[in-house]
file data.cif (mmCIF, C-alpha atoms and all ligand atoms)
data_my_file
loop_
_atom_site.group_PDB
_atom_site.id
_atom_site.type_symbol
_atom_site.label_atom_id
_atom_site.label_comp_id
_atom_site.auth_asym_id
_atom_site.auth_seq_id
_atom_site.Cartn_x
_atom_site.Cartn_y
_atom_site.Cartn_z
ATOM 1 C CA MET A 1 -6.175 -17.370 -2.986
ATOM 2 C CA THR A 2 -6.112 -14.442 -5.430
ATOM 3 C CA ASP A 3 -5.043 -11.324 -3.600
ATOM 4 C CA PHE A 4 -6.636 -7.993 -4.458
ATOM 5 C CA SER A 5 -5.477 -6.370 -1.232
ATOM 6 C CA LEU A 6 -3.203 -3.321 -1.420
ATOM 7 C CA LYS A 7 -2.486 -3.314 2.320
ATOM 8 C CA GLY A 8 0.984 -1.990 3.043
ATOM 9 C CA ARG A 9 1.345 -0.464 -0.426
ATOM 10 C CA VAL A 10 1.974 3.219 -1.257
ATOM 11 C CA ALA A 11 0.068 4.602 -4.248
ATOM 12 C CA LEU A 12 0.518 7.859 -6.160
ATOM 13 C CA VAL A 13 -2.358 8.922 -8.412
ATOM 14 C CA THR A 14 -1.535 11.916 -10.576
ATOM 15 C CA GLY A 15 -4.478 14.242 -11.124
ATOM 16 C CA GLY A 16 -6.278 12.584 -8.222
ATOM 17 C CA SER A 17 -8.292 15.628 -7.160
ATOM 18 C CA TYR A 18 -11.477 14.815 -9.079
ATOM 19 C CA GLY A 19 -12.809 12.800 -12.024
ATOM 20 C CA ILE A 20 -11.279 9.444 -12.873
ATOM 21 C CA GLY A 21 -8.195 10.081 -10.724
ATOM 22 C CA PHE A 22 -10.236 10.697 -7.595
ATOM 23 C CA ALA A 23 -12.244 7.486 -8.134
ATOM 24 C CA ILE A 24 -9.096 5.438 -8.684
ATOM 25 C CA GLY A 25 -7.445 7.004 -5.616
ATOM 26 C CA LYS A 26 -10.520 6.172 -3.553
ATOM 27 C CA ALA A 27 -10.547 2.566 -4.799
ATOM 28 C CA LEU A 28 -6.831 2.012 -4.115
ATOM 29 C CA ALA A 29 -7.167 3.460 -0.612
ATOM 30 C CA GLU A 30 -10.260 1.359 0.104
ATOM 31 C CA ALA A 31 -8.232 -1.696 -0.961
ATOM 32 C CA GLY A 32 -5.649 -0.795 1.715
ATOM 33 C CA ALA A 33 -3.089 1.454 0.003
ATOM 34 C CA ARG A 34 -1.660 4.589 1.585
ATOM 35 C CA LEU A 35 -2.653 7.277 -0.942
ATOM 36 C CA ALA A 36 -0.869 10.297 -2.375
ATOM 37 C CA PHE A 37 -2.210 12.451 -5.185
ATOM 38 C CA ASN A 38 -1.338 15.689 -6.935
ATOM 39 C CA CYS A 39 -2.920 18.395 -9.036
ATOM 40 C CA ARG A 40 -2.161 22.021 -10.025
ATOM 41 C CA SER A 41 -4.916 23.921 -8.256
ATOM 42 C CA GLN A 42 -4.884 24.707 -4.522
ATOM 43 C CA ALA A 43 -8.680 24.868 -4.531
ATOM 44 C CA HIS A 44 -8.941 21.435 -6.169
ATOM 45 C CA LEU A 45 -6.418 20.044 -3.673
ATOM 46 C CA GLU A 46 -8.305 21.355 -0.655
ATOM 47 C CA GLN A 47 -11.643 20.110 -1.983
ATOM 48 C CA ALA A 48 -10.170 16.705 -2.752
ATOM 49 C CA LEU A 49 -8.703 16.388 0.756
ATOM 50 C CA ARG A 50 -12.161 17.130 2.163
ATOM 51 C CA ASP A 51 -13.744 14.630 -0.222
ATOM 52 C CA TYR A 52 -11.267 11.876 0.637
ATOM 53 C CA GLU A 53 -11.656 12.640 4.373
ATOM 54 C CA ALA A 54 -15.442 12.359 4.022
ATOM 55 C CA LEU A 55 -14.828 8.813 2.810
ATOM 56 C CA GLY A 56 -12.549 8.078 5.750
ATOM 57 C CA ILE A 57 -9.447 8.246 3.564
ATOM 58 C CA GLU A 58 -6.343 10.064 4.843
ATOM 59 C CA ALA A 59 -4.666 11.161 1.598
ATOM 60 C CA GLN A 60 -1.422 13.088 1.115
ATOM 61 C CA GLY A 61 -2.056 15.862 -1.415
ATOM 62 C CA TYR A 62 0.515 17.800 -3.440
ATOM 63 C CA ILE A 63 0.430 20.841 -5.668
ATOM 64 C CA CYS A 64 2.628 19.619 -8.490
ATOM 65 C CA ASP A 65 2.408 20.015 -12.256
ATOM 66 C CA VAL A 66 3.325 16.638 -13.752
ATOM 67 C CA THR A 67 5.335 18.379 -16.491
ATOM 68 C CA ASP A 68 7.711 19.855 -13.865
ATOM 69 C CA GLU A 69 10.491 17.266 -13.519
ATOM 70 C CA ASP A 70 12.073 18.946 -10.476
ATOM 71 C CA GLY A 71 8.709 19.322 -8.756
ATOM 72 C CA VAL A 72 7.851 15.692 -9.459
ATOM 73 C CA GLY A 73 11.185 14.595 -8.009
ATOM 74 C CA LYS A 74 10.569 16.620 -4.841
ATOM 75 C CA MET A 75 7.019 15.212 -4.546
ATOM 76 C CA VAL A 76 8.207 11.600 -4.931
ATOM 77 C CA ALA A 77 10.945 12.188 -2.321
ATOM 78 C CA ASP A 78 8.427 13.725 0.102
ATOM 79 C CA ILE A 79 6.045 10.804 -0.374
ATOM 80 C CA GLY A 80 8.991 8.511 0.383
ATOM 81 C CA GLN A 81 9.558 10.355 3.660
ATOM 82 C CA LYS A 82 5.906 10.520 4.698
ATOM 83 C CA LEU A 83 4.344 7.311 3.344
ATOM 84 C CA GLY A 84 7.184 5.131 2.071
ATOM 85 C CA THR A 85 8.561 4.115 -1.337
ATOM 86 C CA ILE A 86 5.886 4.238 -4.042
ATOM 87 C CA ASP A 87 4.725 0.742 -5.047
ATOM 88 C CA ILE A 88 1.861 1.830 -7.306
ATOM 89 C CA LEU A 89 1.812 4.726 -9.781
ATOM 90 C CA VAL A 90 -1.280 5.739 -11.738
ATOM 91 C CA ASN A 91 -0.412 8.192 -14.525
ATOM 92 C CA ASN A 92 -3.868 9.703 -14.716
ATOM 93 C CA ALA A 93 -3.363 13.487 -15.020
ATOM 94 C CA GLY A 94 -4.306 14.592 -18.490
ATOM 95 C CA ILE A 95 -5.958 17.266 -20.590
ATOM 96 C CA ILE A 96 -7.642 17.458 -23.968
ATOM 97 C CA LYS A 97 -7.982 20.292 -26.442
ATOM 98 C CA ARG A 98 -10.755 19.903 -29.041
ATOM 99 C CA ILE A 99 -9.573 22.042 -31.955
ATOM 100 C CA PRO A 100 -9.547 21.228 -35.692
ATOM 101 C CA MET A 101 -5.929 20.306 -36.472
ATOM 102 C CA HIS A 102 -5.552 22.924 -39.202
ATOM 103 C CA GLU A 103 -6.580 25.589 -36.662
ATOM 104 C CA MET A 104 -4.564 24.247 -33.719
ATOM 105 C CA LYS A 105 -1.485 26.220 -32.671
ATOM 106 C CA VAL A 106 1.757 24.285 -32.214
ATOM 107 C CA GLU A 107 1.845 25.474 -28.579
ATOM 108 C CA GLU A 108 -1.618 23.980 -28.008
ATOM 109 C CA TYR A 109 -0.549 20.677 -29.566
ATOM 110 C CA GLN A 110 2.648 20.702 -27.505
ATOM 111 C CA GLN A 111 0.802 21.346 -24.220
ATOM 112 C CA VAL A 112 -1.382 18.263 -24.711
ATOM 113 C CA ILE A 113 1.647 16.136 -25.646
ATOM 114 C CA ASP A 114 3.593 17.463 -22.637
ATOM 115 C CA ILE A 115 0.894 16.619 -20.099
ATOM 116 C CA ASP A 116 -0.550 13.461 -21.646
ATOM 117 C CA LEU A 117 2.618 11.787 -22.977
ATOM 118 C CA VAL A 118 5.803 13.416 -21.690
ATOM 119 C CA ALA A 119 4.580 13.671 -18.073
ATOM 120 C CA PRO A 120 3.892 9.903 -17.708
ATOM 121 C CA PHE A 121 7.543 9.451 -18.752
ATOM 122 C CA ILE A 122 8.683 12.047 -16.188
ATOM 123 C CA VAL A 123 6.682 10.620 -13.289
ATOM 124 C CA SER A 124 7.446 6.995 -14.157
ATOM 125 C CA LYS A 125 11.161 7.834 -14.394
ATOM 126 C CA ALA A 126 10.953 9.358 -10.905
ATOM 127 C CA VAL A 127 9.344 6.293 -9.292
ATOM 128 C CA LEU A 128 11.121 3.454 -11.154
ATOM 129 C CA PRO A 129 14.358 3.517 -9.085
ATOM 130 C CA GLY A 130 12.372 3.000 -5.874
ATOM 131 C CA MET A 131 10.359 0.180 -7.424
ATOM 132 C CA MET A 132 13.582 -1.430 -8.680
ATOM 133 C CA ARG A 133 15.002 -1.286 -5.138
ATOM 134 C CA LEU A 134 11.773 -2.765 -3.727
ATOM 135 C CA GLY A 135 11.837 -5.604 -6.254
ATOM 136 C CA HIS A 136 8.244 -4.927 -7.304
ATOM 137 C CA GLY A 137 6.011 -2.187 -8.697
ATOM 138 C CA LYS A 138 2.805 -1.433 -10.575
ATOM 139 C CA ILE A 139 2.482 1.360 -13.125
ATOM 140 C CA ILE A 140 -0.939 2.022 -14.626
ATOM 141 C CA ASN A 141 -1.165 4.530 -17.478
ATOM 142 C CA ILE A 142 -4.568 5.976 -18.322
ATOM 143 C CA CYS A 143 -4.968 5.625 -22.060
ATOM 144 C CA SER A 144 -8.162 6.198 -24.030
ATOM 145 C CA MET A 145 -10.412 5.137 -26.912
ATOM 146 C CA MET A 146 -8.102 7.533 -28.738
ATOM 147 C CA SER A 147 -5.238 5.122 -28.161
ATOM 148 C CA GLU A 148 -6.992 3.104 -30.907
ATOM 149 C CA LEU A 149 -9.354 5.443 -32.760
ATOM 150 C CA GLY A 150 -9.297 8.967 -34.141
ATOM 151 C CA ARG A 151 -11.956 11.578 -34.482
ATOM 152 C CA GLU A 152 -12.246 15.187 -35.559
ATOM 153 C CA THR A 153 -10.610 17.888 -33.380
ATOM 154 C CA VAL A 154 -8.562 15.635 -31.062
ATOM 155 C CA SER A 155 -5.317 15.187 -33.041
ATOM 156 C CA ALA A 156 -2.967 16.100 -30.177
ATOM 157 C CA TYR A 157 -4.863 13.957 -27.675
ATOM 158 C CA ALA A 158 -4.981 10.912 -29.990
ATOM 159 C CA ALA A 159 -1.269 11.245 -30.758
ATOM 160 C CA ALA A 160 -0.500 11.436 -27.039
ATOM 161 C CA LYS A 161 -2.748 8.546 -26.020
ATOM 162 C CA GLY A 162 -1.509 6.395 -28.902
ATOM 163 C CA GLY A 163 2.034 7.101 -27.778
ATOM 164 C CA LEU A 164 1.085 6.335 -24.183
ATOM 165 C CA LYS A 165 -0.109 2.877 -25.279
ATOM 166 C CA MET A 166 3.321 2.161 -26.764
ATOM 167 C CA LEU A 167 5.137 3.710 -23.786
ATOM 168 C CA THR A 168 3.140 1.271 -21.645
ATOM 169 C CA ARG A 169 4.266 -1.664 -23.752
ATOM 170 C CA ASN A 170 7.864 -0.502 -23.771
ATOM 171 C CA MET A 171 7.992 0.004 -20.006
ATOM 172 C CA ALA A 172 6.475 -3.465 -19.581
ATOM 173 C CA SER A 173 9.252 -4.825 -21.794
ATOM 174 C CA GLU A 174 12.079 -2.918 -20.098
ATOM 175 C CA TYR A 175 11.072 -3.417 -16.437
ATOM 176 C CA GLY A 176 9.312 -6.769 -16.342
ATOM 177 C CA ALA A 177 12.577 -8.355 -15.229
ATOM 178 C CA TYR A 178 12.433 -6.202 -12.074
ATOM 179 C CA ASN A 179 8.972 -7.588 -11.234
ATOM 180 C CA ILE A 180 7.480 -4.248 -12.240
ATOM 181 C CA GLN A 181 4.301 -4.559 -14.261
ATOM 182 C CA CYS A 182 3.230 -1.672 -16.488
ATOM 183 C CA ASN A 183 -0.287 -1.786 -17.888
ATOM 184 C CA ALA A 184 -2.901 0.713 -18.993
ATOM 185 C CA ILE A 185 -6.571 1.308 -18.528
ATOM 186 C CA GLY A 186 -8.396 2.601 -21.600
ATOM 187 C CA PRO A 187 -11.616 4.197 -20.371
ATOM 188 C CA GLY A 188 -14.460 4.594 -22.830
ATOM 189 C CA TYR A 189 -16.560 7.753 -22.604
ATOM 190 C CA ILE A 190 -16.785 8.554 -18.903
ATOM 191 C CA ALA A 191 -18.916 11.280 -17.317
ATOM 192 C CA THR A 192 -16.351 13.655 -15.817
ATOM 193 C CA PRO A 193 -15.595 17.384 -16.105
ATOM 194 C CA GLN A 194 -13.354 16.587 -19.080
ATOM 195 C CA THR A 195 -16.299 15.273 -21.121
ATOM 196 C CA ALA A 196 -18.924 17.642 -19.731
ATOM 197 C CA PRO A 197 -18.880 19.766 -22.938
ATOM 198 C CA LEU A 198 -19.906 16.641 -24.895
ATOM 199 C CA ARG A 199 -22.951 16.074 -22.679
ATOM 200 C CA GLU A 200 -24.248 19.622 -22.267
ATOM 201 C CA ARG A 201 -27.958 20.113 -22.950
ATOM 202 C CA GLN A 202 -28.626 22.138 -26.104
ATOM 203 C CA ALA A 203 -30.317 25.569 -25.969
ATOM 204 C CA ASP A 204 -33.647 23.918 -26.781
ATOM 205 C CA GLY A 205 -33.173 21.444 -23.915
ATOM 206 C CA SER A 206 -32.351 18.530 -26.219
ATOM 207 C CA ARG A 207 -29.434 16.157 -25.663
ATOM 208 C CA HIS A 208 -26.021 17.073 -27.100
ATOM 209 C CA PRO A 209 -25.679 15.227 -30.435
ATOM 210 C CA PHE A 210 -22.411 13.685 -29.241
ATOM 211 C CA ASP A 211 -24.169 12.333 -26.147
ATOM 212 C CA ALA A 212 -26.703 10.462 -28.298
ATOM 213 C CA PHE A 213 -23.899 9.351 -30.644
ATOM 214 C CA ILE A 214 -21.828 7.796 -27.871
ATOM 215 C CA VAL A 215 -24.801 6.006 -26.333
ATOM 216 C CA ALA A 216 -25.550 4.521 -29.790
ATOM 217 C CA LYS A 217 -21.902 3.465 -30.169
ATOM 218 C CA THR A 218 -21.803 1.725 -26.785
ATOM 219 C CA PRO A 219 -23.347 -1.775 -26.382
ATOM 220 C CA ALA A 220 -23.946 -0.875 -22.723
ATOM 221 C CA ALA A 221 -26.011 2.034 -24.108
ATOM 222 C CA ARG A 222 -24.712 4.443 -21.503
ATOM 223 C CA TRP A 223 -21.786 6.694 -20.613
ATOM 224 C CA GLY A 224 -19.311 5.163 -18.212
ATOM 225 C CA THR A 225 -19.040 6.369 -14.639
ATOM 226 C CA THR A 226 -15.814 6.800 -12.705
ATOM 227 C CA ALA A 227 -16.985 3.920 -10.476
ATOM 228 C CA ASP A 228 -16.699 1.606 -13.502
ATOM 229 C CA LEU A 229 -12.927 2.106 -13.382
ATOM 230 C CA GLU A 230 -12.400 1.315 -9.696
ATOM 231 C CA GLY A 231 -12.319 -2.487 -9.924
ATOM 232 C CA PRO A 232 -10.046 -2.606 -12.981
ATOM 233 C CA ALA A 233 -7.635 -0.223 -11.241
ATOM 234 C CA VAL A 234 -7.481 -2.327 -8.065
ATOM 235 C CA PHE A 235 -6.931 -5.454 -10.172
ATOM 236 C CA LEU A 236 -4.002 -3.921 -12.085
ATOM 237 C CA ALA A 237 -2.559 -2.446 -8.865
ATOM 238 C CA SER A 238 -2.727 -5.748 -6.961
ATOM 239 C CA SER A 239 -0.717 -8.968 -6.983
ATOM 240 C CA ALA A 240 -3.701 -10.559 -8.736
ATOM 241 C CA SER A 241 -2.245 -9.111 -11.959
ATOM 242 C CA ASP A 242 1.430 -10.027 -11.423
ATOM 243 C CA PHE A 243 1.541 -11.903 -14.735
ATOM 244 C CA VAL A 244 -0.370 -9.211 -16.643
ATOM 245 C CA ASN A 245 2.132 -6.897 -18.309
ATOM 246 C CA GLY A 246 1.984 -4.512 -21.260
ATOM 247 C CA HIS A 247 -1.794 -4.806 -21.500
ATOM 248 C CA VAL A 248 -4.328 -2.078 -22.199
ATOM 249 C CA LEU A 249 -7.519 -2.977 -20.354
ATOM 250 C CA TYR A 250 -10.338 -1.175 -22.167
ATOM 251 C CA VAL A 251 -13.162 -0.281 -19.816
ATOM 252 C CA ASP A 252 -15.483 1.032 -22.502
ATOM 253 C CA GLY A 253 -18.783 -0.833 -22.259
ATOM 254 C CA GLY A 254 -17.866 -2.537 -25.539
ATOM 255 C CA ILE A 255 -17.373 0.499 -27.799
ATOM 256 C CA LEU A 256 -14.267 -0.948 -29.468
ATOM 257 C CA ALA A 257 -16.120 -4.197 -30.255
ATOM 258 C CA TYR A 258 -19.246 -2.618 -31.736
ATOM 259 C CA ILE A 259 -20.077 -1.120 -35.139
ATOM 260 C CA GLY A 260 -22.845 0.905 -33.516
ATOM 261 C CA LYS A 261 -26.621 0.744 -33.293
ATOM 262 C CA GLN A 262 -28.456 0.998 -36.612
ATOM 263 C CA PRO A 263 -30.063 4.459 -36.933
HETATM 264 P P1 LIG B 301 -10.528 15.733 -15.621
HETATM 265 O O1 LIG B 301 -11.889 15.578 -15.052
HETATM 266 O O2 LIG B 301 -10.207 16.894 -16.495
HETATM 267 O O3 LIG B 301 -9.440 15.666 -14.400
HETATM 268 C C1 LIG B 301 -8.098 15.831 -14.727
HETATM 269 C C2 LIG B 301 -7.295 15.777 -13.436
HETATM 270 O O4 LIG B 301 -5.908 15.947 -13.761
HETATM 271 C C3 LIG B 301 -7.628 16.863 -12.460
HETATM 272 O O5 LIG B 301 -7.380 16.396 -11.139
HETATM 273 C C4 LIG B 301 -6.614 17.963 -12.788
HETATM 274 O O6 LIG B 301 -6.442 18.791 -11.656
HETATM 275 C C5 LIG B 301 -5.394 17.100 -13.085
HETATM 276 N N1 LIG B 301 -4.386 17.700 -13.979
HETATM 277 C C6 LIG B 301 -4.561 18.162 -15.242
HETATM 278 N N2 LIG B 301 -3.392 18.607 -15.743
HETATM 279 C C7 LIG B 301 -2.450 18.421 -14.762
HETATM 280 C C8 LIG B 301 -1.054 18.683 -14.673
HETATM 281 N N3 LIG B 301 -0.391 19.242 -15.686
HETATM 282 N N4 LIG B 301 -0.417 18.355 -13.530
HETATM 283 C C9 LIG B 301 -1.086 17.804 -12.492
HETATM 284 N N5 LIG B 301 -2.420 17.519 -12.517
HETATM 285 C C10 LIG B 301 -3.073 17.834 -13.652
HETATM 286 O O7 LIG B 301 -10.176 14.445 -16.482
HETATM 287 P P2 LIG B 301 -10.781 12.966 -16.411
HETATM 288 O O8 LIG B 301 -11.934 12.854 -17.319
HETATM 289 O O9 LIG B 301 -10.913 12.561 -14.995
HETATM 290 O O10 LIG B 301 -9.575 12.163 -17.104
HETATM 291 C C11 LIG B 301 -8.499 11.676 -16.327
HETATM 292 C C12 LIG B 301 -7.605 10.913 -17.269
HETATM 293 O O11 LIG B 301 -8.384 9.942 -17.973
HETATM 294 C C13 LIG B 301 -6.972 11.774 -18.358
HETATM 295 O O12 LIG B 301 -5.690 11.282 -18.665
HETATM 296 C C14 LIG B 301 -7.893 11.561 -19.553
HETATM 297 O O13 LIG B 301 -7.223 11.785 -20.779
HETATM 298 C C15 LIG B 301 -8.247 10.134 -19.382
HETATM 299 N N6 LIG B 301 -9.479 9.681 -20.015
HETATM 300 C C16 LIG B 301 -10.666 10.296 -19.736
HETATM 301 C C17 LIG B 301 -11.836 9.776 -20.317
HETATM 302 C C18 LIG B 301 -13.181 10.383 -20.092
HETATM 303 O O14 LIG B 301 -14.116 10.030 -20.843
HETATM 304 N N7 LIG B 301 -13.362 11.243 -19.105
HETATM 305 C C19 LIG B 301 -11.767 8.655 -21.130
HETATM 306 C C20 LIG B 301 -10.526 8.087 -21.405
HETATM 307 C C21 LIG B 301 -9.399 8.597 -20.819
HETATM 308 P P3 LIG B 301 -5.898 20.336 -11.809
HETATM 309 O O15 LIG B 301 -6.725 20.944 -12.907
HETATM 310 O O16 LIG B 301 -6.122 20.938 -10.463
HETATM 311 O O17 LIG B 301 -4.465 20.205 -12.169
HETATM 312 C C1 LIG B 302 -13.437 13.260 -26.881
HETATM 313 C C2 LIG B 302 -13.422 12.714 -25.492
HETATM 314 C C3 LIG B 302 -12.615 11.446 -25.443
HETATM 315 C C4 LIG B 302 -12.585 10.930 -24.034
HETATM 316 C C5 LIG B 302 -11.821 9.672 -23.922
HETATM 317 C C6 LIG B 302 -12.418 8.549 -24.705
HETATM 318 O O1 LIG B 302 -13.435 14.483 -27.027
HETATM 319 O O2 LIG B 302 -13.474 12.429 -27.800
HETATM 320 O O3 LIG B 302 -12.921 13.661 -24.581
HETATM 321 O O4 LIG B 302 -11.332 11.682 -25.903
HETATM 322 O O5 LIG B 302 -11.989 11.853 -23.173
HETATM 323 O O6 LIG B 302 -10.479 9.830 -24.197
HETATM 324 O O7 LIG B 302 -11.757 7.354 -24.354
#
call {"tool": "encode", "arguments": {"input": "data.cif", "output": "structure tokens", "more": "lines below"}}
Ligand code: NAP
Ligand code: GCO
result
Amino acid sequence: MTDFSLKGRVALVTGGSYGIGFAIGKALAEAGARLAFNCRSQAHLEQALRDYEALGIEAQGYICDVTDEDGVGKMVADIGQKLGTIDILVNNAGIIKRIPMHEMKVEEYQQVIDIDLVAPFIVSKAVLPGMMRLGHGKIINICSMMSELGRETVSAYAAAKGGLKMLTRNMASEYGAYNIQCNAIGPGYIATPQTAPLRERQADGSRHPFDAFIVAKTPAARWGTTADLEGPAVFLASSASDFVNGHVLYVDGGILAYIGKQP
């Protein structure tokens, strides 16, 4: 019988305080995993702990910037002490900066690359030895439509998410022999704080042009919700996906398959 249970597993979701990370953390915990998450803000951490508790989930929260290799190492060690060796890692923490490339500062480009591409390397590197000792592991990187497509103003983000797709494939190649599967989820356009600027009502009360654009580009004719990502995350975190490796599972309502509704 296919097993989607995560009972007895320890999961770390980076950026699990709200948005997609919170939903994935919730889903993994509801499937039986012991949950740890991190973020940078004390206020976000405290709110997330209350939110998880309201769902009956006892989560271990950490203030840790995923770009801080020493801090990540200390967090992974503390999780090992408190919950056990990490079996499941979701590299979810990420930012975007929407700036025309010719106006973007190198520091701004670098910050997006550091958080969205270098940090998944840092956190994965910290958890791999434990997974290798366990003889199993699941790493799920959160990619994007921008792992496949470009658009104006998101050069740093697209470069990072395109790189994250290939990091996923390379980790799958390098660690498959240890029974560690590394896959990615590629969300479409999901209603979270990160995309709120793209959905804001205009001064005259009309819909944001990008909002209407995305709905027309999506066969499902809607924005995704964080709940749409919960099942795919449990699948890739569970033994049901033990022979799935190096795959990017696009959860996009069909955007990548569709030329878009005729105007
Ligand atoms: P979000 O609402 O902005 O949430 C980002 C989360 O990451 C927050 O918990 C934030 O908490 C944390 N975070 C950001 N930088 C961090 C850092 N340096 N260290 C630790 N935690 C950090 O974003 P989201 O929409 O949920 O997106 C989550 C992931 O999905 C990102 O990788 C994003 O690129 C990707 N994605 C999003 C969409 C979408 O449409 N929303 C689609 C495809 C992919 P703090 O601010 O407290 O650190
Ligand atoms: C943007 C959006 C997208 C989404 C997501 C799509 O400005 O185009 O923020 O990048 O966040 O990555 O999959």
call {"tool": "residues_near_point", "arguments": {"input": "data.cif", "point": "(2.9, 20.3, -13.8)", "cutoff": "8 Å", "atoms": "all atoms listed in the file", "output": "list in words"}}
result
Cys39, Arg40, Cys64, Asp65, Val66, Thr67, Asp68, Gly71 and Ile115 of chain A
call {"tool": "write_last_selection", "arguments": {"input": "data.cif", "atoms": "C-alpha atoms", "output": "short mmCIF file (atom, residue, chain, number, x, y, z; two decimals), in the frame of the given file"}}
result
data_model
loop_
_atom_site.label_atom_id
_atom_site.label_comp_id
_atom_site.auth_asym_id
_atom_site.auth_seq_id
_atom_site.Cartn_x
_atom_site.Cartn_y
_atom_site.Cartn_z
CA CYS A 39 -2.92 18.40 -9.04
CA ARG A 40 -2.16 22.02 -10.02
CA CYS A 64 2.63 19.62 -8.49
CA ASP A 65 2.41 20.02 -12.26
CA VAL A 66 3.32 16.64 -13.75
CA THR A 67 5.34 18.38 -16.49
CA ASP A 68 7.71 19.86 -13.86
CA GLY A 71 8.71 19.32 -8.76
CA ILE A 115 0.89 16.62 -20.10
#
call {"tool": "atom_distance", "arguments": {"input": "data.cif", "atom1": "atom C11 of ligand LIG 301 (chain B)", "atom2": "atom CA of A:Ala126"}}
result
20.3 Å
call {"tool": "resolve_selection", "arguments": {"input": "data.cif", "expression": "the PyMOL selection byres (((not hetatm)) within 7 of (chain B and resi 301))", "output": "compact mmCIF listing (two decimals) with C-alpha atoms, in the coordinates of the input"}}
result
# COMPACT_ATOMS: atom_id res chain seq x y z
CA THR A 14 -1.54 11.92 -10.58
CA GLY A 15 -4.48 14.24 -11.12
CA GLY A 16 -6.28 12.58 -8.22
CA SER A 17 -8.29 15.63 -7.16
CA TYR A 18 -11.48 14.82 -9.08
CA GLY A 19 -12.81 12.80 -12.02
CA ILE A 20 -11.28 9.44 -12.87
CA GLY A 21 -8.20 10.08 -10.72
CA ASN A 38 -1.34 15.69 -6.94
CA CYS A 39 -2.92 18.40 -9.04
CA ARG A 40 -2.16 22.02 -10.02
CA SER A 41 -4.92 23.92 -8.26
CA HIS A 44 -8.94 21.44 -6.17
CA LEU A 45 -6.42 20.04 -3.67
CA CYS A 64 2.63 19.62 -8.49
CA ASP A 65 2.41 20.02 -12.26
CA VAL A 66 3.32 16.64 -13.75
CA THR A 67 5.34 18.38 -16.49
CA ASN A 92 -3.87 9.70 -14.72
CA ALA A 93 -3.36 13.49 -15.02
CA GLY A 94 -4.31 14.59 -18.49
CA ILE A 95 -5.96 17.27 -20.59
CA ILE A 96 -7.64 17.46 -23.97
CA ILE A 115 0.89 16.62 -20.10
CA ASP A 116 -0.55 13.46 -21.65
CA ILE A 142 -4.57 5.98 -18.32
CA CYS A 143 -4.97 5.62 -22.06
CA SER A 144 -8.16 6.20 -24.03
CA MET A 145 -10.41 5.14 -26.91
CA GLY A 186 -8.40 2.60 -21.60
CA PRO A 187 -11.62 4.20 -20.37
CA GLY A 188 -14.46 4.59 -22.83
CA TYR A 189 -16.56 7.75 -22.60
CA ILE A 190 -16.78 8.55 -18.90
CA ALA A 191 -18.92 11.28 -17.32
CA THR A 192 -16.35 13.66 -15.82
CA PRO A 193 -15.60 17.38 -16.10
CA GLN A 194 -13.35 16.59 -19.08
CA THR A 195 -16.30 15.27 -21.12
call {"tool": "resolve_selection", "arguments": {"input": "data.cif", "expression": "the PyMOL selection byres (((chain A and resi 23-35) around 6) and not hetatm)", "output": "ChimeraX atom specification"}}
result
/A:5-7,9-11,20-22,36,59,226,230,234
call {"tool": "atom_distance", "arguments": {"input": "data.cif", "atom1": "atom CA of A:Lys125", "atom2": "atom CA of A:Ser238"}}
result
20.8 Å
call {"tool": "residues_around", "arguments": {"input": "data.cif", "residues": "stretch 102-111 of chain A", "least_positions_apart": "3", "cutoff": "9 Å", "atoms": "all atoms listed in the file", "output": "PyMOL selection string"}}
result
chain A and resi 95+97-99+114-116+153+155-157
call {"tool": "closest_residue", "arguments": {"input": "data.cif", "among": "A:His136, A:Lys261, A:His208, A:His247", "to": "A:Ala177", "atoms": "only C-alpha atoms"}}
result
A:His136
call {"tool": "closest_residue", "arguments": {"input": "data.cif", "among": "A:Ala119, A:Ala184, A:Ile86, A:Ile259", "to": "A:Met131", "atoms": "all atoms listed in the file"}}
result
A:Ile86
call {"tool": "atom_distance", "arguments": {"input": "data.cif", "atom1": "atom CA of A:Met75", "atom2": "atom CA of A:Leu117"}}
result
19.3 Å
call {"tool": "residues_around", "arguments": {"input": "data.cif", "residues": "A:Ala216", "least_positions_apart": "6", "cutoff": "10 Å", "atoms": "all atoms listed in the file", "output": "short mmCIF file (atom, residue, chain, number, x, y, z; two decimals) with C-alpha atoms, in the frame of the given file"}}
result
data_model
loop_
_atom_site.label_atom_id
_atom_site.label_comp_id
_atom_site.auth_asym_id
_atom_site.auth_seq_id
_atom_site.Cartn_x
_atom_site.Cartn_y
_atom_site.Cartn_z
CA PHE A 210 -22.41 13.68 -29.24
CA ARG A 222 -24.71 4.44 -21.50
CA ILE A 255 -17.37 0.50 -27.80
CA TYR A 258 -19.25 -2.62 -31.74
CA ILE A 259 -20.08 -1.12 -35.14
CA GLY A 260 -22.84 0.90 -33.52
CA LYS A 261 -26.62 0.74 -33.29
CA GLN A 262 -28.46 1.00 -36.61
CA PRO A 263 -30.06 4.46 -36.93
#
call {"tool": "closest_residue", "arguments": {"input": "data.cif", "among": "A:Pro120, A:Gly137, A:Gly205, A:Pro197", "to": "A:Lys165", "atoms": "only C-alpha atoms"}}
result
A:Pro120
call {"tool": "closest_residue", "arguments": {"input": "data.cif", "among": "A:Leu49, A:Met132, A:Pro100, A:Leu12", "to": "A:Asp78", "atoms": "all atoms listed in the file"}}
result
A:Leu12
